[in-house]
Structures are given as structure tokens and as C-alpha cells.
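Have a look at query.pdb below; it lists PDB, C-alpha atoms, pLDDT in the B column.
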```pdb
ATOM      1  CA  MET A   1     134.983 -22.564  41.202  1.00 86.00           C
ATOM      2  CA  ASP A   2     132.953 -24.585  38.720  1.00 95.00           C
ATOM      3  CA  PRO A   3     129.369 -25.168  39.915  1.00 96.00           C
ATOM      4  CA  LEU A   4     129.329 -28.645  38.349  1.00 97.00           C
ATOM      5  CA  LYS A   5     132.371 -29.590  40.412  1.00 97.00           C
ATOM      6  CA  LEU A   6     130.781 -28.147  43.568  1.00 97.00           C
ATOM      7  CA  ILE A   7     127.633 -30.253  43.091  1.00 98.00           C
ATOM      8  CA  GLY A   8     129.761 -33.293  42.294  1.00 98.00           C
ATOM      9  CA  ASP A   9     131.824 -32.800  45.442  1.00 98.00           C
ATOM     10  CA  GLU A  10     128.668 -32.610  47.558  1.00 98.00           C
ATOM     11  CA  VAL A  11     127.173 -35.725  45.943  1.00 98.00           C
ATOM     12  CA  LYS A  12     130.391 -37.616  46.640  1.00 98.00           C
ATOM     13  CA  ARG A  13     130.636 -36.315  50.215  1.00 98.00           C
ATOM     14  CA  ARG A  14     127.076 -37.394  50.980  1.00 98.00           C
ATOM     15  CA  ARG A  15     127.483 -40.739  49.190  1.00 98.00           C
ATOM     16  CA  VAL A  16     130.612 -41.616  51.143  1.00 98.00           C
ATOM     17  CA  ALA A  17     129.047 -40.441  54.426  1.00 98.00           C
ATOM     18  CA  SER A  18     126.101 -42.739  53.691  1.00 98.00           C
ATOM     19  CA  GLY A  19     128.421 -45.687  53.144  1.00 98.00           C
ATOM     20  CA  LEU A  20     127.328 -46.103  49.538  1.00 98.00           C
ATOM     21  CA  SER A  21     129.459 -47.059  46.561  1.00 98.00           C
ATOM     22  CA  GLN A  22     128.931 -45.316  43.236  1.00 98.00           C
ATOM     23  CA  GLU A  23     127.215 -48.490  42.085  1.00 98.00           C
ATOM     24  CA  ASP A  24     124.879 -48.430  45.103  1.00 98.00           C
ATOM     25  CA  LEU A  25     123.958 -44.783  44.478  1.00 98.00           C
ATOM     26  CA  ALA A  26     123.436 -45.483  40.792  1.00 98.00           C
ATOM     27  CA  SER A  27     121.084 -48.348  41.585  1.00 98.00           C
ATOM     28  CA  LEU A  28     119.113 -46.348  44.147  1.00 98.00           C
ATOM     29  CA  SER A  29     118.757 -43.385  41.778  1.00 98.00           C
ATOM     30  CA  ASN A  30     118.091 -45.482  38.638  1.00 98.00           C
ATOM     31  CA  LEU A  31     121.146 -44.014  36.920  1.00 98.00           C
ATOM     32  CA  HIS A  32     124.264 -45.658  35.499  1.00 98.00           C
ATOM     33  CA  ARG A  33     127.384 -46.042  37.661  1.00 97.00           C
ATOM     34  CA  THR A  34     129.569 -44.255  35.118  1.00 98.00           C
ATOM     35  CA  TYR A  35     127.094 -41.363  35.096  1.00 98.00           C
ATOM     36  CA  ILE A  36     127.402 -41.010  38.892  1.00 98.00           C
ATOM     37  CA  GLY A  37     131.186 -40.995  38.543  1.00 98.00           C
ATOM     38  CA  SER A  38     131.090 -38.274  35.913  1.00 98.00           C
ATOM     39  CA  VAL A  39     128.712 -36.202  38.089  1.00 98.00           C
ATOM     40  CA  GLU A  40     131.093 -36.502  41.044  1.00 98.00           C
ATOM     41  CA  ARG A  41     134.006 -35.382  38.853  1.00 98.00           C
ATOM     42  CA  GLY A  42     132.030 -32.356  37.641  1.00 97.00           C
ATOM     43  CA  GLU A  43     131.966 -33.581  34.055  1.00 98.00           C
ATOM     44  CA  ARG A  44     128.173 -33.579  33.659  1.00 96.00           C
ATOM     45  CA  ASN A  45     125.651 -30.759  33.510  1.00 96.00           C
ATOM     46  CA  VAL A  46     123.160 -32.639  35.664  1.00 97.00           C
ATOM     47  CA  SER A  47     119.482 -32.311  34.792  1.00 97.00           C
ATOM     48  CA  LEU A  48     116.972 -31.326  37.431  1.00 98.00           C
ATOM     49  CA  GLN A  49     115.351 -34.756  37.181  1.00 98.00           C
ATOM     50  CA  ASN A  50     118.663 -36.452  37.931  1.00 98.00           C
ATOM     51  CA  ILE A  51     119.447 -34.066  40.797  1.00 98.00           C
ATOM     52  CA  VAL A  52     116.107 -35.013  42.350  1.00 98.00           C
ATOM     53  CA  SER A  53     116.751 -38.735  41.784  1.00 98.00           C
ATOM     54  CA  ILE A  54     120.198 -38.494  43.371  1.00 98.00           C
ATOM     55  CA  ALA A  55     118.860 -36.470  46.318  1.00 98.00           C
ATOM     56  CA  ILE A  56     116.107 -39.011  46.976  1.00 98.00           C
ATOM     57  CA  ALA A  57     118.677 -41.820  46.881  1.00 98.00           C
ATOM     58  CA  LEU A  58     120.891 -39.862  49.318  1.00 98.00           C
ATOM     59  CA  LYS A  59     117.870 -39.110  51.536  1.00 98.00           C
ATOM     60  CA  CYS A  60     118.365 -35.352  51.370  1.00 98.00           C
ATOM     61  CA  LYS A  61     116.649 -32.363  49.839  1.00 98.00           C
ATOM     62  CA  PRO A  62     117.801 -31.470  46.313  1.00 98.00           C
ATOM     63  CA  SER A  63     118.773 -28.024  47.616  1.00 97.00           C
ATOM     64  CA  HIS A  64     121.322 -29.665  49.943  1.00 98.00           C
ATOM     65  CA  LEU A  65     123.368 -30.637  46.890  1.00 98.00           C
ATOM     66  CA  PHE A  66     123.835 -26.927  46.133  1.00 97.00           C
ATOM     67  CA  VAL A  67     125.456 -26.056  49.477  1.00 95.00           C
ATOM     68  CA  GLY A  68     128.894 -25.514  47.914  1.00 94.00           C
ATOM     69  CA  ILE A  69     127.458 -23.160  45.310  1.00 94.00           C
ATOM     70  CA  ASP A  70     125.609 -21.229  48.022  1.00 93.00           C
ATOM     71  CA  GLN A  71     128.846 -20.827  49.982  1.00 92.00           C
ATOM     72  CA  GLU A  72     130.789 -19.638  46.926  1.00 94.00           C
ATOM     73  CA  ILE A  73     128.123 -17.061  46.145  1.00 94.00           C
ATOM     74  CA  SER A  74     128.035 -15.889  49.780  1.00 93.00           C
ATOM     75  CA  ASN A  75     131.825 -15.565  49.777  1.00 93.00           C
ATOM     76  CA  GLY A  76     131.711 -13.601  46.517  1.00 91.00           C
ATOM     77  CA  THR A  77     134.070 -16.092  44.875  1.00 90.00           C
ATOM     78  CA  MET A  78     131.667 -17.184  42.176  1.00 85.00           C
TER      79      MET A  78
END
```
Could you take the file, read its structure, and then write that structure out as C-alpha cells?
Amino acid sequence: MDPLKLIGDEVKRRRVASGLSQEDLASLSNLHRTYIGSVERGERNVSLQNIVSIAIALKCKPSHLFVGIDQEISNGTM
């Protein structure tokens, strides 16, 4: 599976679990709403700075956004 999509899925999962809209997350992370949407769809190669900004806004460690990638690697499917 595409690592960009895996990160996007985790961002969306955590955003929804936090009760945030894309607009809320964008505001908290100082990014644009359309950028958050494109990250969640796996359309963006997210920079480290933006991963950190999103993680801070989601109140998690940046490494937590890579959980799907870790699982794919552990399963040997990546």
C-alpha cells in the first residue's frame, strides 16, 4: 500500500476520533483546509515540518502517524 495513503488514513482516523473537522485541524496546525484534505487522501508528500504540526494539533507523537506504515512493513506487505 502507498505510504502517503497510510499516513493520510491515520491523520483522518485521529482527526475524526478527536471530533475535529478538516477546517479545525487546519487551523490548529496552521495549514490550509484543502491541504489537510489532500494529505488525508494520500495526494501529498507531507514534509516533516507539516507532520510535526499535524501531530501537535492532534495531540500525538509524530511517530504515531506512521503506525500504518509500521504495520505494513511488519507484515511484509510493503
Evaluate the PyMOL selection byres ((chain A and resi 1) around 8) and record the selected residues as a list in words, following the chain and residue labels used in the document. Asp2, Pro3, Lys5, Leu6, Glu72, Thr77 and Met78 of chain A
Got a sec: who's within 9 Å of region 29-43 of chain A, counting only C-alpha atoms, leaving out chain neighbours fewer than 6 positions off, as a PyMOL selection string? chain A and resi 2-12+22-23+50+52-58
Work out where the centre of an axis-aligned box around every listed atom of region 65-71 of chain A lies and how long its edges are once 6 Å is added on each side; give both in Å to one decimal as lines of an AutoDock Vina configuration file.
```
center_x = 126.1
center_y = -25.7
center_z = 47.6
size_x = 17.5
size_y = 21.8
size_z = 16.7
```
For each of A:Lys61, A:Arg14, A:Gly76, A:Phe66, take the minimum atom-to-atom distance to Val46 (chain A), counting only C-alpha atoms, then give the residue where this is smallest.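 Nearest to Val46 (chain A): A:Phe66.
Checking A:Ala26, A:Ser18, A:Arg13, A:Gln49 one by one against Gly68 (chain A), counting only C-alpha atoms, you find the shortest gap at A:Arg13.
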Hey, can you check how far CA of Ser63 (chain A) sits from CA of Ser21 (chain A)? 21.9 Å
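The space separating CA of Ile73 (chain A) from CA of Gly19 (chain A) comes to 29.5 Å.
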